[in-house]
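Below is my_file-v9.txt, which holds compact mmCIF, C-alpha atoms and all ligand atoms.
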# COMPACT_ATOMS: atom_id res chain seq x y z
CA MET A 15 153.64 -73.70 137.56
CA LYS A 16 150.91 -75.91 138.95
CA ALA A 17 149.84 -79.38 137.86
CA ILE A 18 147.87 -82.46 138.92
CA VAL A 19 150.52 -84.81 140.28
CA TYR A 20 149.86 -88.53 140.90
CA HIS A 21 151.18 -89.88 144.21
CA GLY A 22 150.13 -93.54 144.07
CA PRO A 23 146.66 -95.12 144.12
CA THR A 24 143.87 -92.72 145.20
CA LYS A 25 146.39 -89.87 145.74
CA LYS A 26 146.79 -86.80 143.56
CA SER A 27 147.07 -83.07 144.16
CA TRP A 28 147.12 -79.73 142.34
CA GLU A 29 150.58 -78.60 143.36
CA GLU A 30 153.59 -76.47 142.45
CA VAL A 31 156.08 -78.22 140.10
CA ALA A 32 158.92 -77.14 137.81
CA LYS A 33 157.88 -75.72 134.44
CA PRO A 34 158.84 -78.12 131.61
CA VAL A 35 161.76 -77.33 129.31
CA ILE A 36 162.75 -78.50 125.83
CA ILE A 37 164.66 -81.79 126.07
CA GLU A 38 164.73 -83.06 122.45
CA ASP A 39 164.96 -80.68 119.49
CA THR A 40 161.60 -82.06 118.23
CA ASP A 41 159.77 -80.92 121.42
CA ALA A 42 157.39 -78.03 121.92
CA ILE A 43 156.44 -76.37 125.19
CA VAL A 44 152.72 -75.58 125.11
CA ARG A 45 150.78 -73.33 127.48
CA VAL A 46 147.63 -75.30 128.30
CA ASP A 47 144.47 -73.27 127.66
CA ALA A 48 141.87 -76.04 128.05
CA VAL A 49 142.21 -79.54 129.44
CA THR A 50 139.93 -82.40 130.42
CA ILE A 51 139.87 -85.55 132.53
CA CYS A 52 139.47 -89.03 131.00
CA GLY A 53 137.97 -92.19 132.47
CA THR A 54 141.47 -93.59 132.02
CA ASP A 55 142.76 -91.05 134.60
CA LEU A 56 140.27 -92.55 137.04
CA HIS A 57 141.64 -96.03 136.18
CA ILE A 58 145.15 -94.70 136.95
CA LEU A 59 143.97 -93.31 140.30
CA LYS A 60 142.53 -96.72 141.19
CA GLY A 61 146.01 -98.17 140.61
CA ASP A 62 144.98 -100.06 137.44
CA VAL A 63 147.86 -98.65 135.35
CA PRO A 64 151.08 -99.48 137.22
CA ALA A 65 153.27 -97.87 134.52
CA VAL A 66 152.17 -94.53 136.00
CA THR A 67 154.48 -93.84 138.93
CA ASP A 68 154.59 -91.44 141.90
CA GLY A 69 155.31 -87.88 140.78
CA ARG A 70 153.81 -88.20 137.29
CA ILE A 71 151.68 -85.29 136.01
CA LEU A 72 148.41 -86.79 134.69
CA GLY A 73 146.39 -85.93 131.56
CA HIS A 74 146.55 -86.77 127.84
CA GLU A 75 144.08 -84.31 126.28
CA ALA A 76 144.54 -80.54 125.86
CA VAL A 77 144.33 -77.46 123.69
CA GLY A 78 146.97 -74.79 124.09
CA THR A 79 149.22 -72.10 122.70
CA VAL A 80 152.77 -72.97 121.68
CA GLU A 81 155.34 -71.07 123.78
CA GLU A 82 158.60 -72.43 122.43
CA VAL A 83 159.77 -75.08 119.97
CA GLY A 84 163.00 -77.04 119.58
CA THR A 85 165.29 -76.40 116.62
CA GLY A 86 164.08 -79.55 114.84
CA VAL A 87 160.38 -78.54 114.80
CA LYS A 88 159.33 -77.45 111.32
CA THR A 89 155.56 -76.89 111.10
CA VAL A 90 154.67 -75.60 114.58
CA LYS A 91 155.80 -72.23 115.93
CA ALA A 92 155.43 -70.05 119.01
CA GLY A 93 151.96 -68.50 119.19
CA ASP A 94 150.18 -71.32 117.31
CA ARG A 95 146.94 -72.67 118.81
CA VAL A 96 147.19 -76.46 118.82
CA LEU A 97 145.27 -79.56 119.76
CA ILE A 98 147.45 -81.94 121.77
CA SER A 99 146.41 -85.45 120.82
CA CYS A 100 146.30 -88.28 123.36
CA ILE A 101 148.61 -90.17 120.98
CA THR A 102 152.14 -88.94 120.30
CA ALA A 103 153.73 -90.03 117.01
CA CYS A 104 157.42 -90.19 116.07
CA GLY A 105 156.25 -90.07 112.45
CA SER A 106 158.93 -92.33 111.06
CA CYS A 107 158.70 -95.82 112.60
CA ARG A 108 157.04 -98.74 110.81
CA TYR A 109 153.66 -98.19 112.52
CA CYS A 110 153.65 -94.40 112.13
CA ARG A 111 154.32 -94.88 108.41
CA GLN A 112 151.06 -96.88 108.30
CA GLY A 113 149.08 -94.32 110.33
CA GLN A 114 149.01 -96.66 113.33
CA TYR A 115 150.41 -94.01 115.66
CA GLY A 116 149.03 -95.69 118.78
CA GLN A 117 151.55 -98.50 118.19
CA CYS A 118 154.50 -96.09 117.62
CA LEU A 119 157.87 -97.79 118.15
CA GLY A 120 159.92 -94.58 118.10
CA GLY A 121 159.04 -93.26 121.55
CA GLY A 122 155.42 -92.21 120.87
CA GLY A 123 152.04 -93.89 121.40
CA TRP A 124 150.06 -93.14 124.54
CA ILE A 125 152.85 -91.55 126.61
CA LEU A 126 151.41 -88.24 127.93
CA GLY A 127 150.20 -88.61 131.50
CA HIS A 128 151.38 -92.23 131.35
CA LYS A 129 155.11 -92.57 130.70
CA ILE A 130 155.94 -88.84 130.63
CA ASP A 131 154.35 -85.81 132.30
CA GLY A 132 150.93 -84.96 130.90
CA THR A 133 148.57 -82.13 130.14
CA GLN A 134 146.78 -81.49 133.46
CA ALA A 135 149.17 -78.63 134.07
CA GLU A 136 149.71 -75.00 133.17
CA TYR A 137 152.42 -76.02 130.67
CA VAL A 138 153.33 -79.30 128.99
CA ARG A 139 156.27 -80.60 126.95
CA VAL A 140 154.96 -82.25 123.78
CA PRO A 141 157.47 -84.61 122.07
CA PHE A 142 157.48 -84.89 118.24
CA ALA A 143 155.51 -81.65 118.07
CA ASP A 144 155.16 -81.72 114.25
CA THR A 145 153.36 -85.08 114.24
CA SER A 146 151.65 -84.99 117.65
CA THR A 147 149.71 -81.71 117.47
CA TYR A 148 147.07 -80.38 115.09
CA PRO A 149 146.42 -76.73 114.25
CA VAL A 150 143.11 -75.46 115.66
CA PRO A 151 141.04 -73.83 112.89
CA ALA A 152 139.83 -70.29 113.50
CA GLY A 153 136.24 -70.17 114.70
CA VAL A 154 136.34 -73.47 116.62
CA SER A 155 136.30 -73.09 120.41
CA ASP A 156 138.91 -74.65 122.68
CA GLU A 157 136.33 -76.75 124.51
CA HIS A 158 134.90 -78.21 121.30
CA ILE A 159 138.23 -79.03 119.67
CA LEU A 160 139.31 -80.59 122.99
CA MET A 161 136.82 -83.43 122.35
CA MET A 162 139.14 -84.39 119.44
CA ALA A 163 142.07 -85.16 121.73
CA ASP A 164 140.76 -88.61 122.63
CA ILE A 165 137.08 -89.50 122.76
CA LEU A 166 135.89 -88.60 119.24
CA PRO A 167 138.73 -90.35 117.37
CA THR A 168 138.42 -93.32 119.74
CA GLY A 169 134.68 -93.81 119.17
CA TYR A 170 135.10 -93.22 115.44
CA GLU A 171 138.21 -95.31 114.69
CA VAL A 172 137.94 -98.15 117.19
CA GLY A 173 134.12 -98.32 117.10
CA VAL A 174 132.70 -97.05 113.81
CA LEU A 175 135.53 -97.66 111.34
CA ASN A 176 136.73 -100.95 112.85
CA GLY A 177 133.08 -102.05 113.02
CA LYS A 178 132.61 -101.03 109.36
CA VAL A 179 129.23 -99.36 109.92
CA GLU A 180 127.29 -99.12 106.64
CA PRO A 181 124.10 -97.33 105.56
CA GLY A 182 121.03 -99.15 106.87
CA ASP A 183 122.92 -101.07 109.55
CA VAL A 184 121.46 -101.79 112.96
CA VAL A 185 124.18 -100.63 115.35
CA ALA A 186 124.20 -101.59 119.03
CA VAL A 187 126.47 -99.68 121.40
CA VAL A 188 127.02 -101.24 124.82
CA GLY A 189 127.99 -98.45 127.26
CA ALA A 190 126.86 -94.86 126.79
CA GLY A 191 129.68 -93.01 128.53
CA PRO A 192 131.64 -90.35 126.60
CA ILE A 193 133.24 -93.04 124.41
CA GLY A 194 129.96 -94.79 123.58
CA LEU A 195 128.34 -91.41 122.87
CA ALA A 196 131.25 -90.45 120.60
CA ALA A 197 130.76 -93.77 118.77
CA ILE A 198 127.07 -92.90 118.32
CA LEU A 199 128.00 -89.47 116.89
CA GLY A 200 130.40 -91.16 114.46
CA ALA A 201 127.97 -93.95 113.50
CA LYS A 202 125.31 -91.39 112.55
CA LEU A 203 127.58 -90.18 109.72
CA TYR A 204 126.91 -93.52 107.97
CA SER A 205 123.08 -93.37 108.14
CA PRO A 206 122.40 -96.56 110.08
CA SER A 207 118.73 -97.59 110.25
CA HIS A 208 118.85 -97.88 114.05
CA ILE A 209 121.28 -96.99 116.80
CA ILE A 210 120.60 -98.91 119.98
CA ALA A 211 122.25 -97.65 123.17
CA ILE A 212 122.57 -100.09 126.07
CA ASP A 213 123.59 -99.00 129.57
CA LEU A 214 122.75 -99.60 133.24
CA ALA A 215 122.34 -95.85 133.95
CA ASP A 216 119.15 -94.14 132.80
CA SER A 217 120.94 -90.75 132.82
CA ARG A 218 123.42 -92.07 130.25
CA LEU A 219 120.58 -93.53 128.13
CA GLU A 220 118.88 -90.11 128.14
CA ALA A 221 122.14 -88.59 126.89
CA ALA A 222 122.37 -91.30 124.20
CA LYS A 223 118.96 -90.23 122.84
CA GLN A 224 120.21 -86.66 122.50
CA PHE A 225 123.26 -87.93 120.61
CA GLY A 226 121.18 -89.89 118.10
CA ALA A 227 120.26 -93.29 119.56
CA ASP A 228 116.67 -94.08 118.58
CA ILE A 229 116.36 -97.09 120.89
CA THR A 230 117.66 -97.30 124.45
CA ILE A 231 117.81 -100.41 126.62
CA ASN A 232 118.58 -100.52 130.33
CA ASN A 233 120.18 -103.96 130.52
CA GLY A 234 119.78 -103.98 134.30
CA ARG A 235 116.03 -104.26 133.79
CA GLU A 236 115.57 -105.49 130.22
CA ASP A 237 116.91 -108.36 128.09
CA ALA A 238 118.96 -106.54 125.45
CA VAL A 239 119.59 -109.65 123.31
CA LYS A 240 115.88 -110.47 123.18
CA ILE A 241 114.89 -106.91 122.21
CA VAL A 242 117.56 -106.63 119.49
CA LYS A 243 116.68 -110.05 118.03
CA GLU A 244 112.97 -109.17 118.00
CA MET A 245 113.63 -106.03 115.97
CA THR A 246 115.95 -107.78 113.48
CA ASP A 247 113.89 -110.85 112.46
CA GLY A 248 115.75 -112.95 115.01
CA LEU A 249 119.18 -112.14 113.54
CA GLY A 250 120.88 -109.56 115.76
CA ALA A 251 122.74 -106.30 115.15
CA ASP A 252 124.91 -105.77 112.06
CA VAL A 253 127.51 -104.08 114.26
CA SER A 254 127.87 -104.18 118.02
CA MET A 255 130.36 -102.06 119.92
CA GLU A 256 131.66 -102.62 123.43
CA ALA A 257 132.37 -99.29 125.17
CA VAL A 258 132.61 -100.26 128.84
CA GLY A 259 135.60 -102.56 129.41
CA VAL A 260 134.23 -105.35 131.65
CA PRO A 261 133.74 -109.07 130.80
CA ALA A 262 129.92 -108.94 130.93
CA THR A 263 129.65 -106.19 128.33
CA PHE A 264 132.02 -107.87 125.89
CA GLU A 265 129.97 -111.07 126.18
CA LEU A 266 126.82 -109.01 125.64
CA ALA A 267 128.27 -107.31 122.55
CA ALA A 268 129.23 -110.73 121.14
CA ALA A 269 125.74 -112.11 121.85
CA LEU A 270 124.06 -109.13 120.14
CA VAL A 271 125.72 -109.50 116.73
CA ARG A 272 124.05 -111.22 113.77
CA PRO A 273 125.74 -114.00 111.78
CA GLY A 274 128.21 -112.27 109.46
CA GLY A 275 128.24 -109.13 111.65
CA ARG A 276 131.03 -107.22 113.33
CA VAL A 277 131.90 -106.78 117.02
CA ALA A 278 134.14 -103.78 117.70
CA ASN A 279 135.68 -103.75 121.16
CA ILE A 280 136.60 -100.26 122.40
CA GLY A 281 136.72 -100.79 126.18
CA VAL A 282 139.99 -101.13 128.07
CA HIS A 283 139.87 -104.53 129.79
CA GLY A 284 141.69 -105.32 133.02
CA GLU A 285 140.43 -108.88 133.43
CA PRO A 286 140.26 -111.98 131.23
CA VAL A 287 137.05 -112.19 129.20
CA THR A 288 135.28 -115.32 127.94
CA LEU A 289 135.04 -115.61 124.16
CA HIS A 290 132.13 -117.97 123.45
CA LEU A 291 133.64 -119.65 120.40
CA GLU A 292 131.28 -122.59 121.00
CA GLU A 293 128.52 -120.24 119.82
CA LEU A 294 130.45 -117.87 117.58
CA TRP A 295 132.45 -120.31 115.43
CA ILE A 296 129.51 -120.92 113.11
CA LYS A 297 128.41 -117.28 112.86
CA ASN A 298 131.11 -115.77 110.60
CA VAL A 299 131.58 -112.81 112.93
CA THR A 300 134.51 -110.42 112.84
CA ILE A 301 135.85 -109.17 116.17
CA THR A 302 138.15 -106.16 116.26
CA THR A 303 140.15 -104.58 119.07
CA GLY A 304 142.24 -101.45 119.17
CA LEU A 305 143.95 -98.55 120.82
CA VAL A 306 143.04 -95.29 119.13
CA ASP A 307 145.60 -94.13 116.53
CA THR A 308 144.11 -90.64 115.94
CA TYR A 309 144.67 -90.89 112.15
CA SER A 310 141.08 -89.65 111.76
CA THR A 311 141.64 -86.40 113.68
CA PRO A 312 141.99 -84.12 110.60
CA THR A 313 138.81 -85.63 109.11
CA LEU A 314 136.88 -85.17 112.35
CA ILE A 315 138.09 -81.57 112.67
CA ARG A 316 136.66 -80.86 109.20
CA LEU A 317 133.36 -82.46 110.24
CA ILE A 318 133.22 -80.20 113.31
CA GLN A 319 133.89 -77.16 111.12
CA THR A 320 130.99 -78.00 108.81
CA GLY A 321 128.63 -78.90 111.67
CA MET A 322 128.36 -82.58 110.69
CA ILE A 323 129.56 -83.45 114.19
CA ASP A 324 128.48 -81.30 117.13
CA PRO A 325 130.74 -81.92 120.15
CA ALA A 326 128.94 -79.29 122.31
CA PRO A 327 126.65 -81.67 124.25
CA LEU A 328 129.67 -83.70 125.38
CA VAL A 329 130.82 -80.79 127.58
CA THR A 330 128.61 -80.83 130.66
CA HIS A 331 130.76 -78.95 133.22
CA THR A 332 133.38 -76.21 133.03
CA PHE A 333 135.87 -75.14 135.72
CA ASN A 334 139.04 -73.11 135.99
CA MET A 335 142.28 -74.96 136.68
CA GLU A 336 142.35 -73.89 140.35
CA GLN A 337 139.20 -76.04 140.73
CA PHE A 338 140.89 -79.22 139.47
CA GLU A 339 140.15 -81.23 142.62
CA GLU A 340 136.45 -80.31 142.39
CA ALA A 341 136.41 -81.20 138.68
CA TYR A 342 137.84 -84.65 139.48
CA ASP A 343 135.16 -85.12 142.13
CA VAL A 344 132.31 -84.16 139.75
CA PHE A 345 133.72 -86.37 136.96
CA GLY A 346 134.33 -89.27 139.37
CA ARG A 347 130.67 -89.21 140.47
CA ALA A 348 129.28 -89.07 136.92
CA SER A 349 126.21 -91.20 137.63
CA GLU A 350 125.08 -88.64 140.27
CA THR A 351 126.34 -85.45 138.61
CA GLY A 352 125.44 -86.32 135.01
CA ALA A 353 128.98 -85.42 133.95
CA LEU A 354 130.12 -86.45 130.47
CA LYS A 355 133.26 -84.38 129.88
CA VAL A 356 134.48 -81.67 132.26
CA VAL A 357 136.59 -78.88 130.77
CA LEU A 358 139.10 -76.80 132.76
CA THR A 359 140.42 -73.53 131.41
CA ARG A 360 143.03 -71.03 132.66
N1 LIG A 401 140.45 -98.34 122.94
C1 LIG A 401 140.84 -97.11 123.21
O1 LIG A 401 141.73 -96.56 122.55
C2 LIG A 401 140.19 -96.35 124.32
C3 LIG A 401 140.42 -94.97 124.44
C4 LIG A 401 139.77 -94.27 125.47
C5 LIG A 401 138.94 -94.97 126.35
N2 LIG A 401 138.75 -96.32 126.21
C6 LIG A 401 137.89 -97.11 127.11
O2 LIG A 401 136.54 -97.03 126.70
C7 LIG A 401 135.70 -97.40 127.80
C8 LIG A 401 134.58 -96.39 127.95
O3 LIG A 401 135.11 -95.11 128.33
P1 LIG A 401 134.17 -93.99 128.96
O4 LIG A 401 135.05 -92.83 129.24
O5 LIG A 401 132.96 -93.80 128.12
O6 LIG A 401 133.79 -94.72 130.34
P2 LIG A 401 132.62 -94.44 131.39
O7 LIG A 401 132.98 -95.20 132.60
O8 LIG A 401 132.33 -92.99 131.49
O9 LIG A 401 131.34 -95.10 130.69
C9 LIG A 401 131.05 -96.46 130.75
C10 LIG A 401 129.53 -96.63 130.69
O10 LIG A 401 129.27 -98.03 130.78
C11 LIG A 401 128.15 -98.23 131.60
N3 LIG A 401 128.20 -99.59 132.14
C12 LIG A 401 128.97 -100.07 133.16
N4 LIG A 401 128.73 -101.39 133.34
C13 LIG A 401 127.79 -101.74 132.41
C14 LIG A 401 127.13 -102.96 132.10
N5 LIG A 401 127.37 -104.09 132.78
N6 LIG A 401 126.22 -102.95 131.09
C15 LIG A 401 125.95 -101.81 130.40
N7 LIG A 401 126.56 -100.62 130.66
C16 LIG A 401 127.46 -100.60 131.65
C17 LIG A 401 128.25 -97.15 132.66
O11 LIG A 401 126.97 -96.87 133.24
C18 LIG A 401 128.77 -95.96 131.83
O12 LIG A 401 127.73 -95.16 131.31
C19 LIG A 401 136.63 -97.50 129.01
O13 LIG A 401 136.98 -98.85 129.22
C20 LIG A 401 137.84 -96.69 128.56
O14 LIG A 401 139.00 -97.02 129.29
C21 LIG A 401 139.36 -97.01 125.19
ZN ZN A 402 141.68 -90.83 127.49
ZN ZN A 403 156.38 -93.91 115.43
Go through the file and emit its structure as structure tokens.
Ligand SMILES: NC(=O)c1ccc[n+]([C@@H]2O[C@H](COP(=O)([O-])OP(=O)(O)OC[C@H]3O[C@@H](n4cnc5c(N)ncnc54)[C@H](O)[C@@H]3O)[C@@H](O)[C@H]2O)c1
Ligand SMILES: [Zn+2]
Ligand SMILES: [Zn+2]
Amino acid sequence: MKAIVYHGPTKKSWEEVAKPVIIEDTDAIVRVDAVTICGTDLHILKGDVPAVTDGRILGHEAVGTVEEVGTGVKTVKAGDRVLISCITACGSCRYCRQGQYGQCLGGGGWILGHKIDGTQAEYVRVPFADTSTYPVPAGVSDEHILMMADILPTGYEVGVLNGKVEPGDVVAVVGAGPIGLAAILGAKLYSPSHIIAIDLADSRLEAAKQFGADITINNGREDAVKIVKEMTDGLGADVSMEAVGVPATFELAAALVRPGGRVANIGVHGEPVTLHLEELWIKNVTITTGLVDTYSTPTLIRLIQTGMIDPAPLVTHTFNMEQFEEAYDVFGRASETGALKVVLTR
């Protein structure tokens, strides 16, 4: 079979590799029908994630058809159409028992395309198949359900639920990439009074309007803190979310929040960030951080089925798997190409 194999910083190729086989009796082998590329894969290719070593197949999001299951797999069988979540769960450790699958101590967590071979391949071995896949409901397309593998649960759990968005809230989202846009889609479910999207790229701000932001601020040209304070009687946003992952945007998210408000950090940070406690100590703010757990996936799937969440505008480009290198190029130049999520099918 063929797969995207990582060969050290900046190097990857779509090449012939051995087809995966069952190793543990809780594994499934899944034929990948649709797969996407994450911003985190670009981080890996820059060398930011040293745990990913030469020879690793990348990818942690996919939809596929089960080919074979180990003898210990109970709820998944050959022929089933499944969503492969970015988070694998052993199902029985202390964290899995609390729904905090991202922190799994039993060999799960974010492992696909990280510690074990991932989904950017024609076939993938999925450990703990019973607790790491979700059945795809009839009538939902592969490319739409694929948005559930990572970005929608991330924006919803780490942004909206950690930030405790409530009806009437003013919600500010710093960064309008796929994750920020997913957070906007999730925040809308709670009827906020305003959703403010903040980004340096006008193309991303245009996308944010389509996803439900009613105010957009280009913080390269405008003073986001001043605008948000002016529209909130000098107070600030009830909830601010950081969906970029650089020091400046965390500091901005912290500066945007009102006294008593919530700052939900979603971005993956590679550098130390300044926490301005000299300003925040008196403001009663709550700051949350998190890796997605994907406990909300079944809920979000139901919301897709009833049309309460429409993932369609997230998919901007489609390719077949033979065009993987081109798909990486288009996704890697998102500010020029307007790419949000690229989907590759067989
Ligand atoms: N916590 C989790 O579990 C989790 C899961 C998945 C992804 N992430 C992280 O979420 C973050 C966002 O992911 P994404 O795929 O949307 O990334 P992305 O790179 O596609 O989007 C980031 C956006 O931020 C904007 N931006 C960059 N610098 C800015 C600045 N100074 N001010 C305002 N906007 C700025 C960019 O223009 C872009 O639109 C990343 O750090 C990613 O690694 C976290
Ligand atoms: Zn991802
Ligand atoms: Zn576990």
* **Site check for ligand LIG 401 (chain A): residues at most 6 Å away, all atoms listed in the file, as a ChimeraX atom specification** => /A:53-54,168,188-194,212-215,218,257-259,262-263,280-282,304-306
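In terms of minimum interatomic distance to ligand ZN 402 (chain A), A:Gly73 ranks closest within A:Gly116, A:Pro141, A:Gly73, A:Gly78, counting all atoms listed in the file.
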Using only C-alpha atoms and all ligand atoms, what table do you get, as JSON lines, when you list each residue of chain A with an atom no more than 12 Å from ligand ZN 402 (chain A), its nearest pair of atoms, and their distance in Å rounded to one decimal, rows by chain then rising number?
{"residue": "A:Val49", "atom": "CA", "partner": "A:ZN402", "partner_atom": "ZN", "distance": 11.5}
{"residue": "A:Thr50", "atom": "CA", "partner": "A:ZN402", "partner_atom": "ZN", "distance": 9.1}
{"residue": "A:Ile51", "atom": "CA", "partner": "A:ZN402", "partner_atom": "ZN", "distance": 7.5}
{"residue": "A:Cys52", "atom": "CA", "partner": "A:ZN402", "partner_atom": "ZN", "distance": 4.5}
{"residue": "A:Gly53", "atom": "CA", "partner": "A:ZN402", "partner_atom": "ZN", "distance": 6.4}
{"residue": "A:Thr54", "atom": "CA", "partner": "A:ZN402", "partner_atom": "ZN", "distance": 5.3}
{"residue": "A:Asp55", "atom": "CA", "partner": "A:ZN402", "partner_atom": "ZN", "distance": 7.2}
{"residue": "A:Leu56", "atom": "CA", "partner": "A:ZN402", "partner_atom": "ZN", "distance": 9.8}
{"residue": "A:His57", "atom": "CA", "partner": "A:ZN402", "partner_atom": "ZN", "distance": 10.1}
{"residue": "A:Ile58", "atom": "CA", "partner": "A:ZN402", "partner_atom": "ZN", "distance": 10.8}
{"residue": "A:Leu72", "atom": "CA", "partner": "A:ZN402", "partner_atom": "ZN", "distance": 10.7}
{"residue": "A:Gly73", "atom": "CA", "partner": "A:ZN402", "partner_atom": "ZN", "distance": 7.9}
{"residue": "A:His74", "atom": "CA", "partner": "A:ZN402", "partner_atom": "ZN", "distance": 6.4}
{"residue": "A:Glu75", "atom": "CA", "partner": "A:ZN402", "partner_atom": "ZN", "distance": 7.1}
{"residue": "A:Ala76", "atom": "CA", "partner": "A:ZN402", "partner_atom": "ZN", "distance": 10.8}
{"residue": "A:Ser99", "atom": "CA", "partner": "A:ZN402", "partner_atom": "ZN", "distance": 9.8}
{"residue": "A:Cys100", "atom": "CA", "partner": "A:ZN402", "partner_atom": "ZN", "distance": 6.7}
{"residue": "A:Ile101", "atom": "CA", "partner": "A:ZN402", "partner_atom": "ZN", "distance": 9.5}
{"residue": "A:Trp124", "atom": "CA", "partner": "A:ZN402", "partner_atom": "ZN", "distance": 9.2}
{"residue": "A:Ile125", "atom": "CA", "partner": "A:ZN402", "partner_atom": "ZN", "distance": 11.2}
{"residue": "A:Leu126", "atom": "CA", "partner": "A:ZN402", "partner_atom": "ZN", "distance": 10.1}
{"residue": "A:Gly127", "atom": "CA", "partner": "A:ZN402", "partner_atom": "ZN", "distance": 9.7}
{"residue": "A:His128", "atom": "CA", "partner": "A:ZN402", "partner_atom": "ZN", "distance": 10.5}
{"residue": "A:Gly132", "atom": "CA", "partner": "A:ZN402", "partner_atom": "ZN", "distance": 11.5}
{"residue": "A:Thr133", "atom": "CA", "partner": "A:ZN402", "partner_atom": "ZN", "distance": 11.4}
{"residue": "A:Leu160", "atom": "CA", "partner": "A:ZN402", "partner_atom": "ZN", "distance": 11.4}
{"residue": "A:Met161", "atom": "CA", "partner": "A:ZN402", "partner_atom": "ZN", "distance": 10.2}
{"residue": "A:Met162", "atom": "CA", "partner": "A:ZN402", "partner_atom": "ZN", "distance": 10.6}
{"residue": "A:Ala163", "atom": "CA", "partner": "A:ZN402", "partner_atom": "ZN", "distance": 8.1}
{"residue": "A:Asp164", "atom": "CA", "partner": "A:ZN402", "partner_atom": "ZN", "distance": 5.4}
{"residue": "A:Ile165", "atom": "CA", "partner": "A:ZN402", "partner_atom": "ZN", "distance": 6.7}
{"residue": "A:Leu166", "atom": "CA", "partner": "A:ZN402", "partner_atom": "ZN", "distance": 10.3}
{"residue": "A:Pro167", "atom": "CA", "partner": "A:ZN402", "partner_atom": "ZN", "distance": 10.6}
{"residue": "A:Thr168", "atom": "CA", "partner": "A:ZN402", "partner_atom": "ZN", "distance": 8.8}
{"residue": "A:Gly169", "atom": "CA", "partner": "A:ZN402", "partner_atom": "ZN", "distance": 11.3}
{"residue": "A:Pro192", "atom": "CA", "partner": "A:ZN402", "partner_atom": "ZN", "distance": 10.1}
{"residue": "A:Ile193", "atom": "CA", "partner": "A:ZN402", "partner_atom": "ZN", "distance": 9.3}
{"residue": "A:Ile280", "atom": "CA", "partner": "A:ZN402", "partner_atom": "ZN", "distance": 11.9}
{"residue": "A:Gly281", "atom": "CA", "partner": "A:ZN402", "partner_atom": "ZN", "distance": 11.2}
{"residue": "A:Val282", "atom": "CA", "partner": "A:ZN402", "partner_atom": "ZN", "distance": 10.5}
{"residue": "A:Leu305", "atom": "CA", "partner": "A:ZN402", "partner_atom": "ZN", "distance": 10.5}
{"residue": "A:Val306", "atom": "CA", "partner": "A:ZN402", "partner_atom": "ZN", "distance": 9.6}
{"residue": "A:Thr308", "atom": "CA", "partner": "A:ZN402", "partner_atom": "ZN", "distance": 11.8}
{"residue": "A:Lys355", "atom": "CA", "partner": "A:ZN402", "partner_atom": "ZN", "distance": 10.9}
* Which residues, written as a ChimeraX atom specification, have at least one atom at most 12 Å from range 326-332 of chain A, with only C-alpha atoms counted and residues fewer than 3 positions away on the same chain left out? -> /A:48-51,154-162,165-166,190-196,198-199,218,221-226,318,321,323,335-338,340-345,348,351-360
Kindly provide, as a CSV table (one decimal) with C-alpha atoms, keeping the file's coordinate frame, all nucleotide and amino acid residues lying within 10 Å of ligand ZN 403 (chain A), counting all atoms listed in the file.
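Saved as part.csv:
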chain,number,residue,atom,x,y,z
A,102,THR,CA,152.1,-88.9,120.3
A,103,ALA,CA,153.7,-90.0,117.0
A,104,CYS,CA,157.4,-90.2,116.1
A,105,GLY,CA,156.2,-90.1,112.4
A,106,SER,CA,158.9,-92.3,111.1
A,107,CYS,CA,158.7,-95.8,112.6
A,108,ARG,CA,157.0,-98.7,110.8
A,109,TYR,CA,153.7,-98.2,112.5
A,110,CYS,CA,153.6,-94.4,112.1
A,111,ARG,CA,154.3,-94.9,108.4
A,112,GLN,CA,151.1,-96.9,108.3
A,113,GLY,CA,149.1,-94.3,110.3
A,114,GLN,CA,149.0,-96.7,113.3
A,115,TYR,CA,150.4,-94.0,115.7
A,116,GLY,CA,149.0,-95.7,118.8
A,117,GLN,CA,151.6,-98.5,118.2
A,118,CYS,CA,154.5,-96.1,117.6
A,119,LEU,CA,157.9,-97.8,118.2
A,120,GLY,CA,159.9,-94.6,118.1
A,121,GLY,CA,159.0,-93.3,121.6
A,122,GLY,CA,155.4,-92.2,120.9
A,123,GLY,CA,152.0,-93.9,121.4
A,142,PHE,CA,157.5,-84.9,118.2
A,145,THR,CA,153.4,-85.1,114.2
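One distance worth recording is that between CA of Asp62 in chain A and CA of Val260 in chain A, which is 13.3 Å.
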* Asked: Mind listing as a ChimeraX atom specification all residues within 10 Å of (126.3, -100.9, 116.9), counting all atoms listed in the file?
  -> /A:173-174,177-179,183-188,194,197-198,201,206,208-212,251-256,267,270-271,275-278
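Note that the spacing between CA of Val44 in chain A and CA of Met322 in chain A amounts to 29.2 Å.
Distances from A:Leu97, A:Ile18, A:Leu314, A:Ala42 to Glu171 in chain A were compared using all atoms listed in the file, and the smallest one belongs to A:Leu314.
For the residues A:Gly234, A:Thr246, A:Asn279, A:Asp144, ranking by smallest atom-to-atom distance to Thr302 in chain A using all atoms listed in the file places A:Asn279 first.
For the atom pair formed by CA of Tyr137 in chain A and CA of Glu38 in chain A, the distance is 16.4 Å, given to one decimal.
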* Asked: Nearest to Val77 in chain A among A:Tyr309, A:Tyr148, A:Trp295, A:Tyr170, with distances taken over only C-alpha atoms: which residue is it?
  -> A:Tyr148
Can you report as JSON the centre and edge lengths in Å, to one decimal, of an axis-aligned box around the listed atoms of range 175-194 of chain A padded with 5 Å on each side?
{"center_x": 128.9, "center_y": -96.2, "center_z": 117.0, "size_x": 25.7, "size_y": 21.7, "size_z": 33.0}
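Comparing A:Val83, A:Val299, A:Ala135, A:Ile98 by their smallest distance to Ile43 in chain A, the closest is A:Val83 (using all atoms listed in the file).
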